[in-house]
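Listing of work28.txt, compact mmCIF, C-alpha atoms
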# COMPACT_ATOMS: atom_id res chain seq x y z
CA MET A 10 120.97 169.07 104.30
CA LEU A 11 124.01 171.07 103.22
CA LYS A 12 124.60 170.97 99.47
CA ILE A 13 128.13 170.51 98.23
CA THR A 14 129.43 172.50 95.24
CA PRO A 15 131.73 171.07 92.53
CA GLU A 16 134.62 173.07 93.98
CA GLU A 17 133.90 171.75 97.47
CA ILE A 18 133.75 168.16 96.14
CA LYS A 19 137.32 168.55 94.87
CA LEU A 20 138.42 170.11 98.16
CA ILE A 21 136.78 167.53 100.43
CA SER A 22 137.76 164.60 98.19
CA LYS A 23 141.40 165.69 98.25
CA TYR A 24 141.27 165.98 102.03
CA ILE A 25 139.73 162.50 102.39
CA TYR A 26 142.36 161.06 100.06
CA ASP A 27 145.17 162.68 102.06
CA ILE A 28 143.97 161.26 105.40
CA SER A 29 142.79 157.83 104.27
CA GLY A 30 143.91 156.95 100.73
CA ILE A 31 140.24 156.59 99.72
CA TYR A 32 139.69 158.16 96.30
CA LEU A 33 136.32 159.77 95.60
CA ASP A 34 135.70 161.53 92.29
CA GLU A 35 133.03 164.05 91.25
CA SER A 36 130.46 161.28 90.81
CA LYS A 37 130.40 160.72 94.59
CA LYS A 38 128.50 163.95 95.36
CA TYR A 39 125.53 162.12 96.92
CA LEU A 40 127.79 159.87 99.00
CA LEU A 41 129.73 162.82 100.39
CA GLU A 42 126.56 164.69 101.31
CA THR A 43 124.83 161.72 102.95
CA ARG A 44 127.89 160.51 104.87
CA LEU A 45 129.21 163.90 106.02
CA ASN A 46 126.10 166.04 106.51
CA ALA A 47 125.47 164.96 110.11
CA ILE A 48 129.05 165.77 111.12
CA ALA A 49 128.93 169.15 109.35
CA GLU A 50 125.66 170.05 111.09
CA GLU A 51 127.04 168.87 114.44
CA GLN A 52 129.96 171.26 113.96
CA GLY A 53 127.58 174.10 113.05
CA CYS A 54 129.08 174.51 109.58
CA SER A 55 127.47 176.83 107.06
CA SER A 56 129.07 175.13 104.03
CA TYR A 57 131.44 172.33 103.11
CA GLN A 58 134.20 174.91 102.70
CA ASP A 59 133.57 175.86 106.33
CA PHE A 60 133.55 172.16 107.23
CA TYR A 61 136.92 171.65 105.52
CA ASN A 62 138.40 174.68 107.31
CA ARG A 63 137.26 173.42 110.71
CA ALA A 64 138.58 169.90 110.05
CA LYS A 65 141.98 171.26 109.02
CA ALA A 66 142.12 173.54 112.06
CA ASP A 67 141.10 170.85 114.56
CA ALA A 68 144.29 170.08 116.48
CA THR A 69 142.59 167.17 118.30
CA ARG A 70 141.81 165.53 114.91
CA THR A 71 138.38 164.63 116.26
CA ILE A 72 136.64 165.79 113.09
CA GLU A 73 139.16 163.88 110.96
CA ARG A 74 138.40 160.65 112.84
CA LYS A 75 134.66 161.19 112.44
CA ILE A 76 135.09 161.77 108.70
CA ILE A 77 137.08 158.54 108.33
CA ASP A 78 134.47 156.60 110.32
CA ALA A 79 131.72 158.01 108.10
CA ILE A 80 133.45 157.53 104.74
CA SER A 81 135.03 154.09 105.23
CA THR A 82 132.42 151.62 104.06
CA ASN A 83 132.47 149.07 106.89
CA GLU A 84 130.18 146.78 104.89
CA THR A 85 130.86 143.29 106.18
CA LEU A 86 129.24 140.15 107.51
CA PHE A 87 130.20 136.79 108.94
CA PHE A 88 131.53 134.33 106.34
CA ARG A 89 131.06 136.87 103.57
CA ASP A 90 131.04 135.23 100.10
CA THR A 91 131.63 131.77 101.75
CA GLY A 92 134.18 130.80 99.04
CA PRO A 93 137.28 132.18 100.81
CA PHE A 94 136.37 130.36 104.03
CA GLU A 95 135.86 127.07 102.21
CA LEU A 96 139.24 127.72 100.59
CA LEU A 97 140.83 128.22 104.02
CA GLN A 98 139.19 125.12 105.47
CA HIS A 99 139.83 122.65 102.67
CA LYS A 100 143.09 123.83 101.09
CA ILE A 101 145.04 126.69 102.65
CA PHE A 102 144.98 125.72 106.33
CA PRO A 103 145.75 122.01 105.71
CA GLU A 104 148.63 122.87 103.36
CA LEU A 105 150.09 125.46 105.73
CA ILE A 106 149.79 123.18 108.74
CA ASP A 107 151.62 120.42 106.86
CA ALA A 108 154.35 122.86 105.86
CA ARG A 109 154.67 124.52 109.29
CA THR A 110 154.44 121.51 111.62
CA PRO A 111 157.91 121.00 113.19
CA LYS A 112 159.50 117.56 113.42
CA SER A 113 159.85 117.84 117.18
CA PRO A 114 156.59 117.30 119.12
CA LEU A 115 157.91 119.75 121.71
CA LEU A 116 157.67 122.67 119.27
CA LYS A 117 154.49 124.46 118.30
CA THR A 118 153.13 125.03 114.80
CA HIS A 119 153.13 128.77 114.06
CA LEU A 120 150.50 130.51 111.95
CA LYS A 121 150.21 134.24 111.39
CA ILE A 122 147.20 135.75 109.59
CA TRP A 123 146.30 139.35 108.75
CA SER A 124 142.88 140.73 107.86
CA ALA A 125 144.06 143.99 106.28
CA ALA A 126 140.68 145.74 106.21
CA SER A 127 138.92 144.03 109.08
CA SER A 128 136.10 146.57 109.51
CA THR A 129 134.01 145.58 112.56
CA GLY A 130 135.74 142.21 112.87
CA GLN A 131 133.36 139.68 111.32
CA GLU A 132 135.91 138.51 108.74
CA LEU A 133 138.65 137.76 111.26
CA TYR A 134 136.28 136.09 113.72
CA SER A 135 135.03 133.93 110.83
CA VAL A 136 138.65 132.92 110.10
CA ALA A 137 139.13 132.12 113.78
CA ILE A 138 135.99 129.94 113.77
CA VAL A 139 137.20 128.02 110.70
CA LEU A 140 140.55 127.42 112.38
CA GLN A 141 138.95 126.36 115.66
CA GLU A 142 136.57 123.96 113.88
CA LEU A 143 139.40 122.46 111.86
CA LEU A 144 141.98 122.01 114.62
CA LYS A 145 139.74 121.49 117.69
CA ASP A 146 142.71 121.59 120.12
CA LEU A 147 144.94 124.63 119.65
CA SER A 148 147.32 123.82 122.50
CA THR A 149 150.06 122.69 120.10
CA TYR A 150 149.68 125.76 117.89
CA SER A 151 150.84 129.36 118.13
CA VAL A 152 148.22 131.29 116.18
CA LYS A 153 148.29 135.06 115.69
CA LEU A 154 145.31 136.67 113.98
CA MET A 155 145.64 140.41 113.39
CA GLY A 156 142.92 142.70 112.09
CA THR A 157 143.50 146.31 111.04
CA ASP A 158 141.19 149.07 109.90
CA ILE A 159 141.41 152.82 109.41
CA SER A 160 138.19 153.49 111.35
CA ASP A 161 138.38 154.02 115.12
CA ALA A 162 134.72 153.04 115.51
CA ALA A 163 135.18 149.83 113.51
CA VAL A 164 138.26 148.80 115.48
CA ALA A 165 136.50 149.54 118.77
CA GLN A 166 133.55 147.30 117.89
CA ALA A 167 135.80 144.55 116.56
CA SER A 168 137.84 144.62 119.76
CA SER A 169 134.71 144.43 121.91
CA GLY A 170 133.44 141.42 119.92
CA ARG A 171 129.84 142.55 120.42
CA TYR A 172 127.20 142.38 117.71
CA ASN A 173 123.48 143.09 117.49
CA LYS A 174 120.88 140.65 116.15
CA PHE A 175 121.01 142.11 112.62
CA GLU A 176 124.79 141.69 112.45
CA ILE A 177 124.62 138.17 113.87
CA ASP A 178 121.89 137.11 111.44
CA ARG A 179 124.07 138.11 108.47
CA GLY A 180 126.02 134.96 107.66
CA LEU A 181 126.35 133.23 111.03
CA ALA A 182 124.82 129.74 111.26
CA ARG A 183 122.82 128.88 114.39
CA ASP A 184 125.20 126.12 115.50
CA LYS A 185 128.18 128.49 115.37
CA LEU A 186 126.24 131.18 117.22
CA SER A 187 125.51 128.90 120.17
CA LYS A 188 129.05 127.53 120.16
CA TYR A 189 131.10 130.72 119.87
CA PHE A 190 128.87 133.53 121.19
CA GLN A 191 127.03 134.30 124.38
CA PRO A 192 123.97 136.57 124.80
CA MET A 193 124.40 139.94 126.52
CA GLY A 194 121.01 141.63 126.73
CA GLN A 195 120.09 142.62 123.18
CA MET A 196 123.63 141.86 121.95
CA TRP A 197 125.79 138.81 121.36
CA LYS A 198 129.42 138.65 122.50
CA VAL A 199 132.23 136.53 121.10
CA ASN A 200 133.31 133.97 123.70
CA ASP A 201 136.62 134.39 125.51
CA GLN A 202 138.39 131.55 123.70
CA LEU A 203 137.69 133.03 120.26
CA ARG A 204 138.38 136.60 121.40
CA ALA A 205 141.78 135.55 122.77
CA MET A 206 142.82 134.38 119.30
CA VAL A 207 142.50 137.81 117.64
CA ASN A 208 144.00 141.27 117.95
CA PHE A 209 142.72 144.46 116.35
CA ARG A 210 144.44 147.79 115.80
CA LYS A 211 143.98 150.96 113.80
CA PHE A 212 146.14 151.16 110.69
CA ASN A 213 146.15 153.10 107.42
CA LEU A 214 147.13 150.83 104.52
CA MET A 215 148.87 153.79 102.89
CA SER A 216 151.40 153.77 105.75
CA PRO A 217 154.66 151.77 105.70
CA PHE A 218 154.29 148.16 106.88
CA THR A 219 157.04 148.43 109.48
CA GLY A 220 157.29 146.00 112.37
CA PHE A 221 154.73 143.58 110.96
CA GLY A 222 157.01 140.64 110.30
CA LYS A 223 155.88 137.95 107.84
CA PHE A 224 152.39 136.54 107.40
CA ASP A 225 151.27 133.10 106.23
CA ILE A 226 147.92 134.47 105.01
CA VAL A 227 146.80 137.99 104.14
CA LEU A 228 143.16 138.79 103.46
CA CYS A 229 142.75 142.13 101.70
CA ARG A 230 139.21 141.96 100.38
CA ASN A 231 137.08 144.74 98.91
CA VAL A 232 139.18 147.67 100.10
CA ALA A 233 141.63 148.32 97.24
CA ILE A 234 138.65 149.10 94.97
CA TYR A 235 138.52 152.49 96.70
CA PHE A 236 142.16 153.27 95.82
CA THR A 237 143.69 154.68 92.67
CA LEU A 238 145.56 152.24 90.41
CA GLU A 239 148.89 153.67 91.53
CA ASP A 240 147.95 153.21 95.20
CA ARG A 241 146.74 149.66 94.53
CA LYS A 242 150.14 148.87 93.00
CA LYS A 243 151.90 150.26 96.08
CA LEU A 244 149.58 148.40 98.45
CA PHE A 245 150.00 144.94 96.91
CA ASN A 246 153.75 145.37 96.54
CA LYS A 247 153.91 146.12 100.27
CA ILE A 248 151.76 143.05 100.97
CA ALA A 249 154.15 140.97 98.85
CA ASP A 250 156.98 142.21 101.07
CA VAL A 251 155.31 140.91 104.27
CA LEU A 252 154.03 137.60 102.90
CA GLU A 253 155.93 134.37 103.48
CA PRO A 254 157.39 132.90 100.23
CA ASP A 255 154.78 130.14 100.29
CA GLY A 256 152.06 132.33 101.82
CA TYR A 257 148.58 133.05 100.51
CA LEU A 258 146.82 136.27 99.53
CA ILE A 259 143.02 136.40 99.30
CA ILE A 260 141.32 139.42 97.69
CA GLY A 261 137.70 140.20 96.85
CA SER A 262 135.79 137.94 94.46
CA THR A 263 135.34 140.78 91.96
CA GLU A 264 138.94 142.00 92.26
CA SER A 265 142.00 141.09 90.20
CA LEU A 266 145.72 141.77 90.41
CA THR A 267 146.19 141.66 86.63
CA GLY A 268 148.16 144.75 85.70
CA VAL A 269 148.47 145.66 89.38
CA CYS A 270 151.22 143.51 90.91
CA PRO A 271 153.17 141.02 88.76
CA ARG A 272 154.82 139.61 91.87
CA PHE A 273 151.62 137.58 92.45
CA ILE A 274 150.22 134.80 90.32
CA PRO A 275 146.56 133.70 90.52
CA LYS A 276 145.69 130.12 91.36
CA ARG A 277 142.32 128.41 91.47
CA HIS A 278 140.82 125.90 93.87
CA LEU A 279 137.27 124.83 93.12
CA ARG A 280 135.38 128.10 92.65
CA SER A 281 137.84 130.38 94.44
CA ILE A 282 140.89 132.34 93.31
CA PHE A 283 143.86 132.97 95.56
CA TYR A 284 147.30 134.45 94.94
CA GLN A 285 150.84 133.38 95.73
CA LEU A 286 154.20 134.96 95.08
CA THR A 287 155.90 134.15 91.78
Represent the structure from my file as structure tokens, please.
Amino acid sequence: MLKITPEEIKLISKYIYDISGIYLDESKKYLLETRLNAIAEEQGCSSYQDFYNRAKADATRTIERKIIDAISTNETLFFRDTGPFELLQHKIFPELIDARTPKSPLLKTHLKIWSAASSTGQELYSVAIVLQELLKDLSTYSVKLMGTDISDAAVAQASSGRYNKFEIDRGLARDKLSKYFQPMGQMWKVNDQLRAMVNFRKFNLMSPFTGFGKFDIVLCRNVAIYFTLEDRKKLFNKIADVLEPDGYLIIGSTESLTGVCPRFIPKRHLRSIFYQLT
């Protein structure tokens, strides 16, 4: 395995920050070596300085994409932490549906939801399952579920809706597996009805949120912890800009917006915290 020097840590960390917004300090030496070594060896690099030079010189940005795929955590599972999904089922969805249902029966109820760091898709599919279970018949609803992630590999898997046994066993109850997935050899595939509800695309949260419109719900869980405080402030201010005035923001259970974005106020329902605009 290639060993990374303190100078190379600064160089590589700065490069990763520039392309992804992910901040890694000198304490992440082991992480950098274990995540990047295979790519460096594949490229025939003699050092991490050489690796950096090749990445910068790669006009196809293939190495850059591989670095992002390797560094972005992509740690997720179906119904992760359970609390946010109980919150959606018992409070947020019912309140939004009441607020969004038009007086005319000829008009549809519109809901727009964004999973801002969707990884390989389990979070957004879990949201879709909660919505499907709650509403049963979606014919009178216009539901748009968007998932974004910085990793090409993560977005590709999310879009395919295919998961192996290990991924399925992490958080997905047997009754939901038989109802919303179908076996494909050694894999399981999301059924067509659920897949049609969601859309995934690659997106860097450090980029401007242009063309997104307004969302009723934004889930931005366990991604801002990898950003600097200044970048967290920018991120949540941009989220505030694209959230409906009565919309809901859900972040990670160990995260807080105290001192980050005063435009949001925390609210509690049972054992879960959510945020709304002041």
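In terms of minimum interatomic distance to Gln166 in chain A, A:Val199 ranks closest within A:Val199, A:Ile282, A:Val139, A:Met193, counting only C-alpha atoms.
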Which value, in Å to one decimal, gives the distance between CA of Gln98 in chain A and CA of Lys145 in chain A?
12.8 Å
Around (142.5, 155.6, 104.8) in the file's frame, which residues reach within 6 Å when counting only C-alpha atoms? Return as a PyMOL selection string?
chain A and resi 28-31+159+213
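Using all atoms listed in the file, the nearest neighbour of Arg171 in chain A within the list A:Asp255, A:Asp201, A:Asp158, A:Asp34 is A:Asp201.
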For Ala125 in chain A, work out the shell of residues within 7 Å, counting all atoms listed in the file and skipping chain neighbours fewer than 2 positions away, then give it as a ChimeraX atom specification.
/A:123,127,156-158,227-229
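For the pair CA of Asn200 in chain A and CA of Lys185 in chain A, the separation is 11.2 Å.
In this model, the gap between CA of Thr149 in chain A and CA of Thr129 in chain A comes to 29.0 Å.
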Point (148.2, 155.5, 94.7) neighbourhood (10 Å, all atoms listed in the file) written as a PyMOL selection string
chain A and resi 26+30-32+215+236-244
Export of the given selection (C-alpha atoms) as an mmCIF file, in the frame of the given file:
data_model
loop_
_atom_site.group_PDB
_atom_site.id
_atom_site.type_symbol
_atom_site.label_atom_id
_atom_site.label_comp_id
_atom_site.auth_asym_id
_atom_site.auth_seq_id
_atom_site.Cartn_x
_atom_site.Cartn_y
_atom_site.Cartn_z
ATOM 1 C CA TYR A 26 142.360 161.060 100.060
ATOM 2 C CA GLY A 30 143.910 156.950 100.730
ATOM 3 C CA ILE A 31 140.240 156.590 99.720
ATOM 4 C CA TYR A 32 139.690 158.160 96.300
ATOM 5 C CA MET A 215 148.870 153.790 102.890
ATOM 6 C CA PHE A 236 142.160 153.270 95.820
ATOM 7 C CA THR A 237 143.690 154.680 92.670
ATOM 8 C CA LEU A 238 145.560 152.240 90.410
ATOM 9 C CA GLU A 239 148.890 153.670 91.530
ATOM 10 C CA ASP A 240 147.950 153.210 95.200
ATOM 11 C CA ARG A 241 146.740 149.660 94.530
ATOM 12 C CA LYS A 242 150.140 148.870 93.000
ATOM 13 C CA LYS A 243 151.900 150.260 96.080
ATOM 14 C CA LEU A 244 149.580 148.400 98.450
#
So that I can check the surroundings of Tyr134 in chain A, please list as a PDB file with C-alpha atoms, in the coordinates of the input every protein, DNA and RNA residue that reaches within 8 Å of it, counting only C-alpha atoms and ignoring chain neighbours fewer than 4 positions away.
ATOM      1  CA  PHE A  87     130.200 136.790 108.940  1.00  0.00           C
ATOM      2  CA  GLY A 130     135.740 142.210 112.870  1.00  0.00           C
ATOM      3  CA  ILE A 138     135.990 129.940 113.770  1.00  0.00           C
ATOM      4  CA  LEU A 203     137.690 133.030 120.260  1.00  0.00           C
ATOM      5  CA  ARG A 204     138.380 136.600 121.400  1.00  0.00           C
ATOM      6  CA  VAL A 207     142.500 137.810 117.640  1.00  0.00           C
TER       7      VAL A 207
END
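Remark: for Lys121 in chain A, the closest of the candidate residues A:Ile260, A:Val136, A:Val152, A:Ile101 is A:Val152 (distances computed over only C-alpha atoms).
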Quick one: everything within 12 Å of range 37-44 of chain A, counting all atoms listed in the file, minus sequence neighbours fewer than 6 positions away in the same chain. Send it as a list of chain:residue names.
A:Met10, A:Leu11, A:Lys12, A:Ile13, A:Thr14, A:Pro15, A:Glu16, A:Glu17, A:Ile18, A:Lys19, A:Leu20, A:Ile21, A:Ser22, A:Ile25, A:Ile31, A:Glu50, A:Ser56, A:Tyr57, A:Phe60, A:Lys75, A:Ile76, A:Ile77, A:Asp78, A:Ala79, A:Ile80, A:Ser81, A:Thr82, A:Tyr235
All residues 9 Å or closer to Phe218 in chain A, only C-alpha atoms, same chain fewer than 2 positions away omitted, as an MDAnalysis selection string
chainID A and resid 214:216 220:222 247:248 250:251
Could you write out as lines of an AutoDock Vina configuration file the box around range 67-83 of chain A (axis-aligned, all atoms listed in the file, 5 Å on each side), with centre and edge lengths in Å to one decimal?
center_x = 138.0
center_y = 160.0
center_z = 111.2
size_x = 22.6
size_y = 31.8
size_z = 24.2
I'd like the contact shell of Gln202 in chain A - 12 Å cut-off, all atoms listed in the file, skipping same-chain residues fewer than 3 positions apart - returned as a list of chain:residue names.
A:Tyr134, A:Ala137, A:Ile138, A:Gln141, A:Lys145, A:Asp146, A:Leu147, A:Ser148, A:Gly170, A:Lys188, A:Tyr189, A:Phe190, A:Gln191, A:Lys198, A:Val199, A:Ala205, A:Met206, A:Val207
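The smallest atom-to-atom distance between Val164 in chain A and any of A:Ala68, A:Glu104, A:Leu258, A:Phe212, using all atoms listed in the file, is found for A:Phe212.
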Only N, CA, C and O atoms, please: range 150-165 of chain A from the block, as a PDB file, in the first residue's frame.
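Okay, result_34.pdb is ready:
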ATOM      1  N   TYR A 150     -52.945  12.173  -6.490  1.00  0.00           N
ATOM      2  CA  TYR A 150     -51.785  12.911  -6.010  1.00  0.00           C
ATOM      3  C   TYR A 150     -50.756  13.082  -7.126  1.00  0.00           C
ATOM      4  O   TYR A 150     -50.618  12.233  -8.004  1.00  0.00           O
ATOM      5  N   SER A 151     -50.044  14.179  -7.066  1.00  0.00           N
ATOM      6  CA  SER A 151     -48.881  14.405  -7.928  1.00  0.00           C
ATOM      7  C   SER A 151     -47.668  14.454  -7.014  1.00  0.00           C
ATOM      8  O   SER A 151     -47.439  15.451  -6.320  1.00  0.00           O
ATOM      9  N   VAL A 152     -46.937  13.354  -6.970  1.00  0.00           N
ATOM     10  CA  VAL A 152     -45.819  13.212  -6.033  1.00  0.00           C
ATOM     11  C   VAL A 152     -44.503  13.190  -6.801  1.00  0.00           C
ATOM     12  O   VAL A 152     -44.336  12.401  -7.737  1.00  0.00           O
ATOM     13  N   LYS A 153     -43.577  14.063  -6.405  1.00  0.00           N
ATOM     14  CA  LYS A 153     -42.250  14.086  -7.010  1.00  0.00           C
ATOM     15  C   LYS A 153     -41.209  13.849  -5.914  1.00  0.00           C
ATOM     16  O   LYS A 153     -41.089  14.642  -4.979  1.00  0.00           O
ATOM     17  N   LEU A 154     -40.499  12.756  -6.032  1.00  0.00           N
ATOM     18  CA  LEU A 154     -39.444  12.413  -5.083  1.00  0.00           C
ATOM     19  C   LEU A 154     -38.109  12.465  -5.813  1.00  0.00           C
ATOM     20  O   LEU A 154     -37.880  11.697  -6.750  1.00  0.00           O
ATOM     21  N   MET A 155     -37.243  13.384  -5.397  1.00  0.00           N
ATOM     22  CA  MET A 155     -35.946  13.549  -6.053  1.00  0.00           C
ATOM     23  C   MET A 155     -34.821  13.180  -5.094  1.00  0.00           C
ATOM     24  O   MET A 155     -34.806  13.595  -3.934  1.00  0.00           O
ATOM     25  N   GLY A 156     -33.892  12.387  -5.578  1.00  0.00           N
ATOM     26  CA  GLY A 156     -32.707  12.051  -4.803  1.00  0.00           C
ATOM     27  C   GLY A 156     -31.462  12.523  -5.532  1.00  0.00           C
ATOM     28  O   GLY A 156     -31.349  12.351  -6.752  1.00  0.00           O
ATOM     29  N   THR A 157     -30.532  13.145  -4.808  1.00  0.00           N
ATOM     30  CA  THR A 157     -29.277  13.581  -5.425  1.00  0.00           C
ATOM     31  C   THR A 157     -28.097  13.084  -4.603  1.00  0.00           C
ATOM     32  O   THR A 157     -28.182  12.927  -3.381  1.00  0.00           O
ATOM     33  N   ASP A 158     -27.006  12.840  -5.294  1.00  0.00           N
ATOM     34  CA  ASP A 158     -25.766  12.448  -4.634  1.00  0.00           C
ATOM     35  C   ASP A 158     -24.601  12.838  -5.524  1.00  0.00           C
ATOM     36  O   ASP A 158     -24.758  12.940  -6.747  1.00  0.00           O
ATOM     37  N   ILE A 159     -23.445  13.021  -4.907  1.00  0.00           N
ATOM     38  CA  ILE A 159     -22.259  13.440  -5.656  1.00  0.00           C
ATOM     39  C   ILE A 159     -21.565  12.271  -6.346  1.00  0.00           C
ATOM     40  O   ILE A 159     -20.747  12.446  -7.242  1.00  0.00           O
ATOM     41  N   SER A 160     -21.892  11.049  -5.932  1.00  0.00           N
ATOM     42  CA  SER A 160     -21.220   9.851  -6.448  1.00  0.00           C
ATOM     43  C   SER A 160     -21.948   9.269  -7.646  1.00  0.00           C
ATOM     44  O   SER A 160     -23.137   8.941  -7.571  1.00  0.00           O
ATOM     45  N   ASP A 161     -21.229   9.110  -8.752  1.00  0.00           N
ATOM     46  CA  ASP A 161     -21.807   8.485  -9.951  1.00  0.00           C
ATOM     47  C   ASP A 161     -22.258   7.065  -9.657  1.00  0.00           C
ATOM     48  O   ASP A 161     -23.330   6.636 -10.088  1.00  0.00           O
ATOM     49  N   ALA A 162     -21.420   6.308  -8.935  1.00  0.00           N
ATOM     50  CA  ALA A 162     -21.737   4.911  -8.643  1.00  0.00           C
ATOM     51  C   ALA A 162     -22.987   4.801  -7.778  1.00  0.00           C
ATOM     52  O   ALA A 162     -23.836   3.938  -7.999  1.00  0.00           O
ATOM     53  N   ALA A 163     -23.112   5.692  -6.797  1.00  0.00           N
ATOM     54  CA  ALA A 163     -24.280   5.673  -5.915  1.00  0.00           C
ATOM     55  C   ALA A 163     -25.549   5.993  -6.691  1.00  0.00           C
ATOM     56  O   ALA A 163     -26.576   5.321  -6.531  1.00  0.00           O
ATOM     57  N   VAL A 164     -25.486   7.018  -7.531  1.00  0.00           N
ATOM     58  CA  VAL A 164     -26.655   7.407  -8.320  1.00  0.00           C
ATOM     59  C   VAL A 164     -27.052   6.296  -9.292  1.00  0.00           C
ATOM     60  O   VAL A 164     -28.240   6.021  -9.490  1.00  0.00           O
ATOM     61  N   ALA A 165     -26.063   5.642  -9.865  1.00  0.00           N
ATOM     62  CA  ALA A 165     -26.345   4.549 -10.808  1.00  0.00           C
ATOM     63  C   ALA A 165     -27.080   3.407 -10.113  1.00  0.00           C
ATOM     64  O   ALA A 165     -28.058   2.862 -10.649  1.00  0.00           O
TER      65      ALA A 165
END
